[in-house]
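Q: My structure is stored as start23.cif, with mmCIF, C-alpha atoms and all ligand atoms.
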data_work
#
loop_
_atom_site.label_atom_id
_atom_site.label_comp_id
_atom_site.auth_asym_id
_atom_site.auth_seq_id
_atom_site.Cartn_x
_atom_site.Cartn_y
_atom_site.Cartn_z
CA MET A 4 -2.77 -33.02 -25.66
CA THR A 5 -4.98 -30.44 -27.25
CA ASP A 6 -6.55 -30.00 -30.61
CA THR A 7 -9.63 -28.17 -29.40
CA PRO A 8 -10.22 -24.90 -31.19
CA SER A 9 -9.65 -22.00 -28.84
CA ASP A 10 -12.61 -20.07 -27.48
CA LYS A 11 -14.38 -17.87 -29.95
CA LYS A 12 -14.37 -14.20 -29.03
CA SER A 13 -17.92 -13.86 -30.32
CA TRP A 14 -19.37 -16.40 -27.88
CA ARG A 15 -22.05 -14.97 -25.67
CA LEU A 16 -22.06 -15.40 -21.89
CA ARG A 17 -24.11 -18.60 -21.74
CA THR A 18 -21.91 -20.28 -24.31
CA ARG A 19 -18.75 -19.19 -22.51
CA GLN A 20 -20.13 -20.67 -19.27
CA VAL A 21 -20.59 -24.08 -20.86
CA ARG A 22 -17.66 -24.24 -23.27
CA GLY A 23 -15.09 -21.64 -22.25
CA GLY A 24 -11.63 -23.11 -21.67
CA LEU A 25 -12.66 -26.60 -22.83
CA ASP A 26 -9.48 -28.55 -23.61
CA ARG A 27 -10.26 -32.10 -24.73
CA SER A 28 -7.74 -34.90 -24.46
CA PRO A 29 -7.09 -37.30 -27.40
CA HIS A 30 -9.98 -39.42 -26.03
CA ARG A 31 -12.43 -36.68 -27.02
CA GLU A 32 -14.46 -36.90 -23.82
CA THR A 33 -17.68 -34.87 -23.64
CA SER A 34 -17.23 -33.79 -20.04
CA GLU A 35 -13.97 -32.17 -19.03
CA ALA A 36 -11.29 -34.59 -17.82
CA MET A 37 -10.06 -34.52 -14.24
CA TYR A 38 -6.27 -34.67 -14.23
CA LEU A 39 -5.35 -35.94 -10.78
CA THR A 40 -1.60 -35.63 -11.17
CA SER A 41 0.97 -33.71 -9.20
CA GLY A 42 3.76 -33.96 -11.78
CA TYR A 43 4.45 -34.37 -15.51
CA VAL A 44 7.05 -36.41 -17.41
CA TYR A 45 9.53 -35.40 -20.10
CA ASP A 46 10.81 -37.42 -23.06
CA SER A 47 14.35 -36.18 -22.53
CA ALA A 48 16.49 -34.24 -20.11
CA LEU A 49 16.63 -31.44 -22.63
CA GLU A 50 12.82 -31.28 -22.75
CA ALA A 51 12.80 -30.95 -18.95
CA GLU A 52 15.36 -28.14 -19.15
CA GLN A 53 13.38 -26.32 -21.83
CA SER A 54 10.15 -26.71 -19.85
CA PHE A 55 11.78 -24.96 -16.93
CA ASP A 56 13.47 -22.17 -18.88
CA GLY A 57 10.26 -21.31 -20.71
CA THR A 58 11.37 -22.42 -24.22
CA LEU A 59 8.54 -24.95 -24.09
CA ASP A 60 5.10 -23.90 -22.88
CA ARG A 61 3.94 -26.92 -20.89
CA MET A 62 2.94 -28.12 -17.45
CA VAL A 63 5.78 -28.93 -15.05
CA TYR A 64 4.18 -29.29 -11.61
CA SER A 65 0.62 -28.95 -10.32
CA ARG A 66 1.58 -26.32 -7.76
CA PHE A 67 2.20 -24.13 -10.86
CA SER A 68 -0.43 -25.40 -13.28
CA ASN A 69 -2.67 -28.37 -14.05
CA PRO A 70 -4.88 -29.02 -17.11
CA THR A 71 -8.13 -29.24 -15.13
CA VAL A 72 -7.28 -26.15 -13.09
CA ALA A 73 -6.34 -24.35 -16.33
CA MET A 74 -9.77 -25.14 -17.84
CA PHE A 75 -11.44 -23.66 -14.77
CA GLU A 76 -9.24 -20.55 -14.95
CA LYS A 77 -9.93 -20.00 -18.65
CA ARG A 78 -13.68 -20.53 -18.30
CA LEU A 79 -13.99 -18.14 -15.35
CA ALA A 80 -11.87 -15.53 -17.15
CA ALA A 81 -14.12 -15.88 -20.22
CA ILE A 82 -17.23 -15.37 -18.08
CA GLU A 83 -15.78 -12.39 -16.20
CA GLY A 84 -14.31 -10.80 -19.31
CA ALA A 85 -10.85 -10.73 -17.70
CA GLU A 86 -7.56 -11.26 -19.52
CA ALA A 87 -6.33 -13.85 -17.05
CA CYS A 88 -7.23 -15.87 -13.98
CA ARG A 89 -5.29 -17.81 -11.34
CA ALA A 90 -7.19 -20.34 -9.26
CA VAL A 91 -6.28 -21.05 -5.65
CA ALA A 92 -7.46 -23.30 -2.83
CA SER A 93 -10.02 -21.02 -1.17
CA GLY A 94 -11.54 -17.57 -1.34
CA MET A 95 -9.26 -16.44 1.47
CA ALA A 96 -6.20 -17.75 -0.37
CA ALA A 97 -7.40 -15.59 -3.29
CA VAL A 98 -7.84 -12.46 -1.15
CA ASN A 99 -4.49 -13.04 0.57
CA ALA A 100 -2.60 -13.63 -2.67
CA ALA A 101 -4.25 -10.72 -4.49
CA LEU A 102 -3.22 -8.33 -1.71
CA MET A 103 0.06 -9.68 -0.36
CA CYS A 104 1.59 -10.13 -3.83
CA GLN A 105 1.47 -6.36 -4.29
CA VAL A 106 2.44 -4.81 -0.98
CA ARG A 107 5.68 -4.21 0.86
CA THR A 108 6.83 -2.48 4.04
CA GLY A 109 6.03 1.22 4.04
CA ASP A 110 3.06 0.90 1.69
CA ARG A 111 -0.36 2.32 2.41
CA VAL A 112 -3.54 0.26 1.94
CA VAL A 113 -7.08 1.62 2.05
CA ALA A 114 -10.11 -0.64 2.55
CA SER A 115 -13.82 -0.33 3.11
CA ARG A 116 -14.82 -1.04 6.69
CA ALA A 117 -17.61 -3.54 6.06
CA LEU A 118 -15.70 -6.71 5.27
CA PHE A 119 -15.91 -10.48 5.69
CA GLY A 120 -14.20 -11.37 9.01
CA SER A 121 -11.09 -12.99 7.49
CA CYS A 122 -10.61 -10.20 4.92
CA GLN A 123 -10.73 -7.75 7.80
CA TRP A 124 -8.13 -9.85 9.68
CA ILE A 125 -5.67 -9.79 6.77
CA ILE A 126 -5.87 -6.03 6.50
CA ALA A 127 -6.26 -5.02 10.14
CA GLU A 128 -4.02 -7.67 11.78
CA LEU A 129 -1.62 -9.18 9.27
CA MET A 130 -0.57 -6.20 7.17
CA PRO A 131 0.50 -3.96 10.07
CA ARG A 132 2.86 -6.74 11.26
CA TYR A 133 4.86 -6.07 8.09
CA GLY A 134 4.91 -2.31 8.46
CA ILE A 135 2.01 -1.59 6.12
CA GLU A 136 -0.16 1.39 6.97
CA VAL A 137 -3.85 0.50 6.75
CA VAL A 138 -6.77 2.90 6.61
CA PHE A 139 -10.43 1.88 6.83
CA VAL A 140 -13.22 4.04 5.46
CA ASP A 141 -16.99 3.99 5.48
CA GLY A 142 -17.37 2.51 2.00
CA THR A 143 -20.66 4.30 1.36
CA ASP A 144 -19.18 7.78 2.00
CA ALA A 145 -17.71 9.41 -1.13
CA ASP A 146 -15.97 12.15 0.88
CA ALA A 147 -14.29 9.56 3.11
CA TRP A 148 -12.90 7.89 -0.02
CA ARG A 149 -11.70 11.24 -1.41
CA GLN A 150 -9.91 12.03 1.82
CA ALA A 151 -8.39 8.56 2.30
CA LEU A 152 -7.16 8.49 -1.29
CA SER A 153 -5.65 11.97 -1.27
CA LYS A 154 -2.27 10.34 -0.42
CA PRO A 155 -0.18 7.89 -2.45
CA THR A 156 -1.56 4.38 -1.88
CA ARG A 157 -0.52 0.93 -3.09
CA THR A 158 -3.85 -0.83 -3.18
CA VAL A 159 -7.53 -0.44 -2.30
CA PHE A 160 -9.68 -3.38 -1.20
CA VAL A 161 -13.47 -3.41 -1.20
CA GLU A 162 -16.29 -5.91 -0.95
CA THR A 163 -19.51 -4.98 -2.71
CA PRO A 164 -22.14 -5.94 -1.72
CA SER A 165 -20.49 -6.45 1.66
CA ASN A 166 -20.85 -9.47 3.90
CA PRO A 167 -23.19 -9.43 5.82
CA THR A 168 -24.62 -5.90 5.74
CA LEU A 169 -25.10 -5.60 1.95
CA GLU A 170 -23.44 -2.20 1.70
CA LEU A 171 -22.49 -1.16 -1.81
CA ILE A 172 -19.36 0.61 -2.98
CA ASP A 173 -19.55 2.96 -5.96
CA LEU A 174 -16.94 1.09 -8.00
CA ALA A 175 -16.50 3.66 -10.78
CA LEU A 176 -15.91 6.44 -8.23
CA VAL A 177 -13.47 4.43 -6.09
CA ALA A 178 -11.61 3.13 -9.15
CA ASP A 179 -10.98 6.70 -10.35
CA LEU A 180 -9.83 7.85 -6.91
CA ALA A 181 -7.64 4.77 -6.44
CA HIS A 182 -5.94 5.23 -9.79
CA ALA A 183 -5.32 8.92 -9.10
CA ALA A 184 -3.59 7.86 -5.84
CA GLY A 185 -1.45 5.37 -7.75
CA ALA A 186 -3.32 2.39 -6.31
CA THR A 187 -4.80 -0.74 -7.80
CA LEU A 188 -8.43 -1.51 -6.95
CA VAL A 189 -9.08 -5.07 -5.72
CA VAL A 190 -12.76 -6.09 -5.52
CA ASP A 191 -14.12 -9.08 -3.61
CA ASN A 192 -17.05 -9.87 -5.90
CA VAL A 193 -18.31 -12.96 -4.04
CA PHE A 194 -21.78 -11.63 -3.19
CA ALA A 195 -22.42 -10.29 -6.69
CA THR A 196 -21.02 -13.25 -8.69
CA PRO A 197 -19.76 -12.67 -12.26
CA ILE A 198 -23.37 -12.97 -13.41
CA LEU A 199 -24.56 -9.83 -11.61
CA GLN A 200 -21.51 -7.54 -11.60
CA ASN A 201 -18.23 -7.24 -13.49
CA PRO A 202 -16.05 -4.78 -11.54
CA MET A 203 -13.42 -4.51 -14.29
CA GLU A 204 -15.99 -2.86 -16.54
CA LEU A 205 -16.19 -0.14 -13.88
CA GLY A 206 -12.42 0.28 -13.58
CA ALA A 207 -11.33 -2.37 -11.05
CA ASP A 208 -7.92 -3.94 -11.65
CA VAL A 209 -8.31 -7.19 -9.74
CA VAL A 210 -11.40 -9.28 -8.95
CA VAL A 211 -11.41 -12.08 -6.37
CA TYR A 212 -13.87 -14.91 -5.83
CA SER A 213 -14.51 -17.56 -3.28
CA GLY A 214 -15.45 -20.43 -5.62
CA THR A 215 -16.81 -22.14 -2.51
CA LYS A 216 -19.90 -19.99 -2.79
CA HIS A 217 -22.05 -19.61 -5.93
CA ILE A 218 -19.45 -20.98 -8.35
CA ASP A 219 -19.55 -24.45 -6.82
CA GLY A 220 -23.02 -23.55 -5.67
CA GLN A 221 -23.78 -26.88 -4.10
CA GLY A 222 -21.64 -26.70 -0.98
CA ARG A 223 -19.08 -29.34 -1.96
CA THR A 224 -15.63 -27.82 -2.35
CA LEU A 225 -13.46 -24.94 -1.28
CA GLY A 226 -11.81 -22.89 -3.98
CA GLY A 227 -10.94 -19.38 -5.02
CA ALA A 228 -9.77 -17.31 -7.95
CA VAL A 229 -8.04 -14.04 -8.77
CA LEU A 230 -8.76 -12.32 -12.10
CA ALA A 231 -6.70 -9.49 -13.54
CA SER A 232 -4.70 -8.42 -16.57
CA GLU A 233 -2.28 -10.91 -18.09
CA ALA A 234 0.62 -8.70 -16.95
CA PHE A 235 -0.56 -8.59 -13.33
CA CYS A 236 -1.19 -12.35 -13.22
CA LYS A 237 2.09 -13.25 -14.86
CA ASP A 238 4.50 -10.79 -13.26
CA ILE A 239 3.03 -10.00 -9.83
CA LEU A 240 0.55 -12.69 -8.79
CA SER A 241 2.02 -15.90 -10.25
CA PRO A 242 5.44 -15.70 -8.54
CA PHE A 243 3.63 -15.25 -5.22
CA ILE A 244 1.28 -18.20 -5.78
CA ARG A 245 3.88 -20.54 -7.28
CA ASN A 246 6.30 -20.05 -4.42
CA THR A 247 3.88 -19.90 -1.49
CA GLY A 248 1.73 -22.79 -2.72
CA PRO A 249 -2.02 -22.16 -2.20
CA ALA A 250 -2.67 -24.42 -5.23
CA LEU A 251 -6.20 -25.53 -6.07
CA SER A 252 -6.76 -29.29 -6.12
CA PRO A 253 -7.66 -30.54 -9.64
CA PHE A 254 -10.65 -32.34 -8.12
CA ASN A 255 -12.01 -29.12 -6.63
CA ALA A 256 -11.25 -27.29 -9.88
CA TRP A 257 -13.30 -29.88 -11.78
CA VAL A 258 -16.28 -29.52 -9.43
CA MET A 259 -16.22 -25.75 -9.86
CA LEU A 260 -15.64 -25.99 -13.62
CA LYS A 261 -18.86 -27.99 -13.88
CA GLY A 262 -20.53 -25.52 -11.49
CA LEU A 263 -19.81 -22.68 -13.92
CA GLU A 264 -21.93 -24.41 -16.59
CA THR A 265 -25.11 -23.67 -14.62
CA LEU A 266 -24.03 -20.50 -12.80
CA ASP A 267 -26.43 -18.04 -14.42
CA LEU A 268 -29.43 -20.36 -14.07
CA ARG A 269 -28.77 -20.86 -10.39
CA VAL A 270 -28.00 -17.21 -9.66
CA GLU A 271 -31.09 -15.98 -11.52
CA ARG A 272 -33.37 -18.37 -9.59
CA ALA A 273 -31.79 -17.47 -6.25
CA VAL A 274 -32.09 -13.73 -7.00
CA ALA A 275 -35.79 -14.11 -7.85
CA ASN A 276 -36.32 -16.05 -4.60
CA ALA A 277 -34.28 -13.53 -2.57
CA GLN A 278 -36.34 -10.61 -3.88
CA LYS A 279 -39.59 -12.29 -2.77
CA VAL A 280 -38.15 -13.29 0.60
CA ALA A 281 -36.89 -9.72 1.19
CA GLU A 282 -40.32 -8.28 0.33
CA PHE A 283 -42.00 -10.77 2.68
CA LEU A 284 -39.63 -9.91 5.55
CA GLU A 285 -40.05 -6.19 5.01
CA GLY A 286 -43.76 -6.55 5.68
CA ARG A 287 -43.28 -8.28 9.06
CA LYS A 288 -43.51 -6.37 12.34
CA GLU A 289 -40.91 -8.66 14.02
CA VAL A 290 -38.35 -7.42 11.50
CA ALA A 291 -36.96 -3.96 12.29
CA ARG A 292 -35.10 -3.56 9.02
CA VAL A 293 -34.33 -5.58 5.90
CA LEU A 294 -31.03 -5.05 4.08
CA TYR A 295 -31.36 -6.04 0.43
CA PRO A 296 -30.22 -3.97 -2.57
CA GLY A 297 -33.38 -4.94 -4.46
CA LEU A 298 -35.65 -3.07 -2.03
CA ALA A 299 -36.39 0.62 -2.59
CA SER A 300 -35.69 1.05 1.15
CA HIS A 301 -32.01 0.14 0.60
CA PRO A 302 -29.99 3.38 0.89
CA GLN A 303 -28.09 2.51 -2.30
CA PHE A 304 -30.96 1.11 -4.34
CA ASP A 305 -30.11 3.44 -7.25
CA LEU A 306 -26.42 2.49 -7.21
CA ALA A 307 -27.42 -1.20 -7.18
CA ARG A 308 -29.47 -0.63 -10.32
CA ARG A 309 -26.61 1.23 -11.96
CA GLN A 310 -23.74 -1.12 -11.27
CA MET A 311 -25.37 -4.54 -10.82
CA ARG A 312 -27.57 -6.63 -13.10
CA GLY A 313 -29.48 -7.96 -10.09
CA PRO A 314 -29.48 -7.38 -6.35
CA GLY A 315 -27.95 -10.70 -5.28
CA THR A 316 -28.88 -13.84 -3.42
CA ILE A 317 -28.23 -12.74 0.17
CA VAL A 318 -30.75 -10.99 2.41
CA ALA A 319 -29.88 -9.68 5.87
CA PHE A 320 -32.37 -8.44 8.44
CA HIS A 321 -32.41 -6.94 11.92
CA LEU A 322 -34.90 -8.50 14.31
CA ALA A 323 -36.56 -6.09 16.71
CA GLY A 324 -36.07 -8.60 19.56
CA GLY A 325 -32.25 -8.67 19.29
CA LYS A 326 -30.18 -11.80 19.90
CA LYS A 327 -33.00 -13.69 21.64
CA ALA A 328 -35.28 -13.21 18.66
CA ALA A 329 -32.48 -14.11 16.22
CA TYR A 330 -31.72 -17.36 18.04
CA SER A 331 -35.42 -18.19 18.31
CA LEU A 332 -35.86 -17.69 14.59
CA LEU A 333 -32.83 -19.83 13.71
CA ASP A 334 -33.82 -22.58 16.14
CA HIS A 335 -37.39 -22.74 14.81
CA LEU A 336 -36.46 -22.96 11.13
CA ALA A 337 -37.59 -26.35 9.84
CA LEU A 338 -36.46 -26.16 6.20
CA ILE A 339 -33.77 -23.49 6.02
CA ASP A 340 -30.55 -24.74 7.63
CA ILE A 341 -28.38 -22.92 10.15
CA SER A 342 -25.02 -22.59 8.40
CA ASN A 343 -22.36 -19.96 7.90
CA ASN A 344 -21.81 -21.02 4.29
CA LEU A 345 -23.58 -19.16 1.48
CA GLY A 346 -24.28 -19.31 -2.23
CA ASP A 347 -25.58 -22.88 -1.88
CA ALA A 348 -28.58 -24.51 -3.57
CA LYS A 349 -29.93 -24.93 -0.05
CA SER A 350 -31.08 -21.83 1.82
CA LEU A 351 -28.81 -21.18 4.81
CA ALA A 352 -29.18 -18.75 7.70
CA CYS A 353 -26.68 -17.57 10.30
CA HIS A 354 -26.12 -15.08 13.11
CA PRO A 355 -23.05 -13.06 12.02
CA TRP A 356 -22.41 -11.51 15.47
CA THR A 357 -21.62 -14.93 17.00
CA THR A 358 -20.30 -16.82 13.95
CA THR A 359 -18.72 -15.27 10.84
CA HIS A 360 -17.80 -12.08 12.70
CA GLN A 361 -17.32 -13.55 16.19
CA ARG A 362 -13.67 -12.54 16.33
CA VAL A 363 -14.26 -8.96 15.19
CA SER A 364 -14.40 -6.60 18.21
CA PRO A 365 -17.88 -5.42 19.27
CA GLU A 366 -16.97 -1.82 18.35
CA ASP A 367 -15.83 -2.83 14.87
CA LYS A 368 -18.95 -4.96 14.40
CA ARG A 369 -21.16 -2.03 15.32
CA ALA A 370 -19.18 0.23 12.99
CA MET A 371 -19.83 -2.29 10.19
CA GLY A 372 -23.56 -2.24 10.94
CA ILE A 373 -23.70 -5.66 12.58
CA ASP A 374 -25.79 -5.90 15.74
CA GLU A 375 -26.96 -8.83 17.84
CA GLY A 376 -30.34 -8.97 16.13
CA LEU A 377 -28.88 -9.34 12.62
CA VAL A 378 -29.58 -12.54 10.66
CA ARG A 379 -28.00 -13.29 7.30
CA LEU A 380 -29.94 -15.48 4.92
CA SER A 381 -28.39 -17.01 1.82
CA VAL A 382 -31.37 -17.75 -0.37
CA GLY A 383 -31.20 -21.00 -2.30
CA LEU A 384 -33.07 -22.73 -5.08
CA GLU A 385 -36.02 -24.23 -3.19
CA ASP A 386 -39.60 -23.22 -3.97
CA VAL A 387 -39.86 -19.69 -2.61
CA ASP A 388 -43.29 -20.35 -1.08
CA ASP A 389 -41.75 -23.07 1.10
CA LEU A 390 -39.02 -20.65 2.19
CA ILE A 391 -41.54 -17.95 3.08
CA GLU A 392 -43.73 -20.44 4.98
CA ASP A 393 -40.71 -21.59 6.94
CA LEU A 394 -39.70 -18.02 7.85
CA ALA A 395 -43.29 -17.14 8.78
CA GLN A 396 -43.63 -20.05 11.21
CA ALA A 397 -40.18 -19.44 12.70
CA LEU A 398 -40.96 -15.74 13.30
CA THR A 399 -44.09 -16.62 15.34
CA PRO A 400 -43.51 -20.13 16.69
C1 LIG A 501 -16.66 -16.75 1.95
C2 LIG A 501 -16.08 -15.45 1.59
C3 LIG A 501 -14.69 -15.32 1.44
C4 LIG A 501 -13.73 -16.46 1.73
O1 LIG A 501 -13.92 -17.58 0.93
P1 LIG A 501 -13.46 -19.07 1.38
O2 LIG A 501 -13.64 -19.87 0.15
O3 LIG A 501 -14.37 -19.44 2.52
O4 LIG A 501 -12.05 -18.98 1.83
C5 LIG A 501 -14.19 -14.09 1.09
N1 LIG A 501 -15.02 -13.04 0.87
C6 LIG A 501 -16.35 -13.13 1.01
C7 LIG A 501 -17.19 -11.93 0.75
C8 LIG A 501 -16.93 -14.34 1.37
O5 LIG A 501 -18.25 -14.43 1.51
#
I need this file expressed as structure tokens, please.

A:
Amino acid sequence: MTDTPSDKKSWRLRTRQVRGGLDRSPHRETSEAMYLTSGYVYDSALEAEQSFDGTLDRMVYSRFSNPTVAMFEKRLAAIEGAEACRAVASGMAAVNAALMCQVRTGDRVVASRALFGSCQWIIAELMPRYGIEVVFVDGTDADAWRQALSKPTRTVFVETPSNPTLELIDLALVADLAHAAGATLVVDNVFATPILQNPMELGADVVVYSGTKHIDGQGRTLGGAVLASEAFCKDILSPFIRNTGPALSPFNAWVMLKGLETLDLRVERAVANAQKVAEFLEGRKEVARVLYPGLASHPQFDLARRQMRGPGTIVAFHLAGGKKAAYSLLDHLALIDISNNLGDAKSLACHPWTTTHQRVSPEDKRAMGIDEGLVRLSVGLEDVDDLIEDLAQALTP
């Protein structure tokens, strides 16, 4: 099928985004082909046997691999600077596979407290059912990490910046502590995107993405990916994915593959917009506090500058008037949509207390820094002056 030269190691990021993993068929199409096939055929029974025993390196079934999915995996790995990537059907399938492929009964898992609702569910609810000890720490507290990782641990899971409170984890510090405890460090890098932060450069072992967010970037498909060393992907992750079946559809892989071609352009525009929106909100009396790593008022502003190439596309803010004020703001928005999705070209706002984190207990929400006046805004690609005008009129209807 392939006579495309393999990726050049010297390619810079923008070239890797557009051409990484490209694998043209004999038709020599410009745009990557979408292989909507579940199976593959063999010219002989022996060829089938050799495809299964590994003598031949080829596709056997799309639950294991597919040419369009493989292009997406190679391109994302090239952008991230990871040895290998396995794509799955959603961000949560990626988090679940990255964690559950490693752990067994009796293991200890340490995680930062400020997590996306479903990530929190996997660690707090699912893992203990299988006899796994879980420990949550305040991710911003270095001493809490030192204490939690003073015992042998299997894996550490963090989200940085966290959803929705934009807390940062010092990745280099936690990677060192995790490794000293015998643990792998798994980083949910959804908010940062591979454009703004590459956790493996700071010592992380595994990076997970929800491709649903900035990678698609236009709100069309669900998808996810796990990036790690070739050895981890091949020996630990792949058996779990192949046999449990969270396979990514080739159609969704194609949408996200094309999304990667414009990822840096979209992320850079959204970051520039988010910075201006955050500065606007910080100057408003209705807003008690703005959480955005690009503001000097963010408690980890210096860490953001050290470990990220930009502060991200999500802004969260506490309204002085609590839930009533948050609902009033959302209901008066005329341009920005109310939606719990994020990383879209369209700006989207939501109320985490009653949506994304509805099922987290009130005590846990408060411990994560979520209160009833918190609004999360995913800043999109519109003209920033229109976004600011919309927020201004919705704050004082
Ligand atoms: C959305 C999200 C996920 C889950 O991704 P899905 O594609 O919705 O399954 C995981 N982590 C974070 C930080 C997210 O924002």

Q: Could you list, as a PyMOL selection string, all protein and nucleic acid residues with an atom at most 8 Å from ligand LIG 501 (chain A), counting all atoms listed in the file?

A: chain A and resi 92-98+118-119+121-122+162+165-166+191-194+212-216+225-227+344-345

Q: For a test of reading the model, state the distance in Å between CA of Val280 in chain A and CA of Leu398 in chain A, rounded to one decimal.

A: 13.2 Å

Q: Box for range 244-250 of chain A - axis-aligned, 8 Å on each of the six sides, all listed atoms - centre and size in Å to one decimal, as lines of an AutoDock Vina configuration file.

A:
center_x = 1.8
center_y = -21.3
center_z = -4.4
size_x = 25.0
size_y = 22.2
size_z = 21.8

Q: Can you work out the spacing between CA of Phe160 in chain A and CA of Val112 in chain A in Å, to one decimal?

A: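 These two atoms are separated by 7.8 Å.
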
Q: Kindly give the distance, in Å, that separates CA of Ala114 in chain A and CA of Ile317 in chain A, rounded to a single decimal.

A: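 Separation between CA of Ala114 in chain A and CA of Ile317 in chain A: 21.9 Å.
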
Q: Please provide as a short mmCIF file (atom, residue, chain, number, x, y, z; two decimals) with C-alpha atoms, in the frame of the given file all residues within 10 Å of Ser350 in chain A, with the sequence filter that same-chain residues fewer than 5 positions apart are discarded (counting only C-alpha atoms).

A:
data_model
loop_
_atom_site.label_atom_id
_atom_site.label_comp_id
_atom_site.auth_asym_id
_atom_site.auth_seq_id
_atom_site.Cartn_x
_atom_site.Cartn_y
_atom_site.Cartn_z
CA ALA A 273 -31.79 -17.47 -6.25
CA ALA A 277 -34.28 -13.53 -2.57
CA THR A 316 -28.88 -13.84 -3.42
CA ILE A 317 -28.23 -12.74 0.17
CA LEU A 338 -36.46 -26.16 6.20
CA ILE A 339 -33.77 -23.49 6.02
CA ASP A 340 -30.55 -24.74 7.63
CA ILE A 341 -28.38 -22.92 10.15
CA SER A 342 -25.02 -22.59 8.40
CA ASN A 344 -21.81 -21.02 4.29
CA LEU A 345 -23.58 -19.16 1.48
CA LEU A 380 -29.94 -15.48 4.92
CA SER A 381 -28.39 -17.01 1.82
CA VAL A 382 -31.37 -17.75 -0.37
CA GLY A 383 -31.20 -21.00 -2.30
CA LEU A 384 -33.07 -22.73 -5.08
CA GLU A 385 -36.02 -24.23 -3.19
CA LEU A 390 -39.02 -20.65 2.19
#

Q: Which residue is closest to Phe304 in chain A? Choose from A:Leu171, A:Ile239, A:Ala73, A:Asp56 and count all atoms listed in the file.

A: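 Smallest distance to Phe304 in chain A is found for A:Leu171.
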
Q: Residues near range 361-369 of chain A, anyone? I mean within 9 Å using all atoms listed in the file, not counting same-chain ones fewer than 2 positions away, as a list in words.

A: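 That gives Arg116, Ala117, Gly120, Gln123, Trp124, Pro355, Trp356, Thr357, Thr358, Thr359, Met371, Gly372, Ile373 and Asp374 of chain A.
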
Q: Extract, using all atoms listed in the file, all DNA, RNA and protein residues at most 10 Å from Ile198 in chain A, discarding same-chain residues fewer than 3 positions from it, and format them as a list in words.

A: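 The filter keeps Leu16, Ile82, Glu83, Ala195, Asn201, Leu266, Asp267, Leu268, Val270, Glu271, Met311, Arg312, Gly313 and Gly315 of chain A.
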
Q: Would you save the residues of that selection, restricted to C-alpha atoms, as a compact mmCIF listing (two decimals), in the frame of the given file?

A:
# COMPACT_ATOMS: atom_id res chain seq x y z
CA LEU A 16 -22.06 -15.40 -21.89
CA ILE A 82 -17.23 -15.37 -18.08
CA GLU A 83 -15.78 -12.39 -16.20
CA ALA A 195 -22.42 -10.29 -6.69
CA ASN A 201 -18.23 -7.24 -13.49
CA LEU A 266 -24.03 -20.50 -12.80
CA ASP A 267 -26.43 -18.04 -14.42
CA LEU A 268 -29.43 -20.36 -14.07
CA VAL A 270 -28.00 -17.21 -9.66
CA GLU A 271 -31.09 -15.98 -11.52
CA MET A 311 -25.37 -4.54 -10.82
CA ARG A 312 -27.57 -6.63 -13.10
CA GLY A 313 -29.48 -7.96 -10.09
CA GLY A 315 -27.95 -10.70 -5.28

Q: Which of these residues is nearest to Ala348 in chain A, using only C-alpha atoms: A:Val274, A:Val106, A:Ala85, A:Ala328?

A: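 Of all the options, A:Val274 lies closest to Ala348 in chain A.
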
Q: Please list as a count of residues only every residue within 10 Å of Val138 in chain A, counting all atoms listed in the file and excluding residues in the same chain fewer than 6 positions away.

A: 11

Q: Pick out the closest residue to Pro400 in chain A from this set: A:Ile135, A:Ala337, A:Ala100, A:Leu377. Count only C-alpha atoms.

A: A:Ala337

Q: When distances are computed from all atoms listed in the file, which of A:Thr399, A:Ser34, A:Gln105, A:Gln53 shows the smallest separation from Glu289 in chain A?

A: A:Thr399

Q: Between A:Gly222, A:Leu263, A:Asp26, A:His301, single out the one closest to Leu351 in chain A, counting all atoms listed in the file.

A: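 Looking only at the distances to Leu351 in chain A, the closest residue turns out to be A:Gly222.
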
Q: Determine, counting only C-alpha atoms, which protein, DNA and RNA residues have an atom within 9 Å of an atom of range 253-261 of chain A; residues of the same chain fewer than 5 positions away are not included. Present the result as a short mmCIF file (atom, residue, chain, number, x, y, z; two decimals) with C-alpha atoms, keeping the file's coordinate frame.

A:
data_model
loop_
_atom_site.label_atom_id
_atom_site.label_comp_id
_atom_site.auth_asym_id
_atom_site.auth_seq_id
_atom_site.Cartn_x
_atom_site.Cartn_y
_atom_site.Cartn_z
CA GLN A 20 -20.13 -20.67 -19.27
CA VAL A 21 -20.59 -24.08 -20.86
CA SER A 34 -17.23 -33.79 -20.04
CA GLU A 35 -13.97 -32.17 -19.03
CA ALA A 36 -11.29 -34.59 -17.82
CA MET A 37 -10.06 -34.52 -14.24
CA TYR A 38 -6.27 -34.67 -14.23
CA LEU A 39 -5.35 -35.94 -10.78
CA THR A 40 -1.60 -35.63 -11.17
CA SER A 65 0.62 -28.95 -10.32
CA ASN A 69 -2.67 -28.37 -14.05
CA PRO A 70 -4.88 -29.02 -17.11
CA THR A 71 -8.13 -29.24 -15.13
CA VAL A 72 -7.28 -26.15 -13.09
CA ALA A 73 -6.34 -24.35 -16.33
CA MET A 74 -9.77 -25.14 -17.84
CA PHE A 75 -11.44 -23.66 -14.77
CA GLU A 76 -9.24 -20.55 -14.95
CA ARG A 78 -13.68 -20.53 -18.30
CA LEU A 79 -13.99 -18.14 -15.35
CA ALA A 90 -7.19 -20.34 -9.26
CA ALA A 92 -7.46 -23.30 -2.83
CA GLY A 214 -15.45 -20.43 -5.62
CA THR A 215 -16.81 -22.14 -2.51
CA ILE A 218 -19.45 -20.98 -8.35
CA ASP A 219 -19.55 -24.45 -6.82
CA GLY A 220 -23.02 -23.55 -5.67
CA ARG A 223 -19.08 -29.34 -1.96
CA THR A 224 -15.63 -27.82 -2.35
CA LEU A 225 -13.46 -24.94 -1.28
CA GLY A 226 -11.81 -22.89 -3.98
#
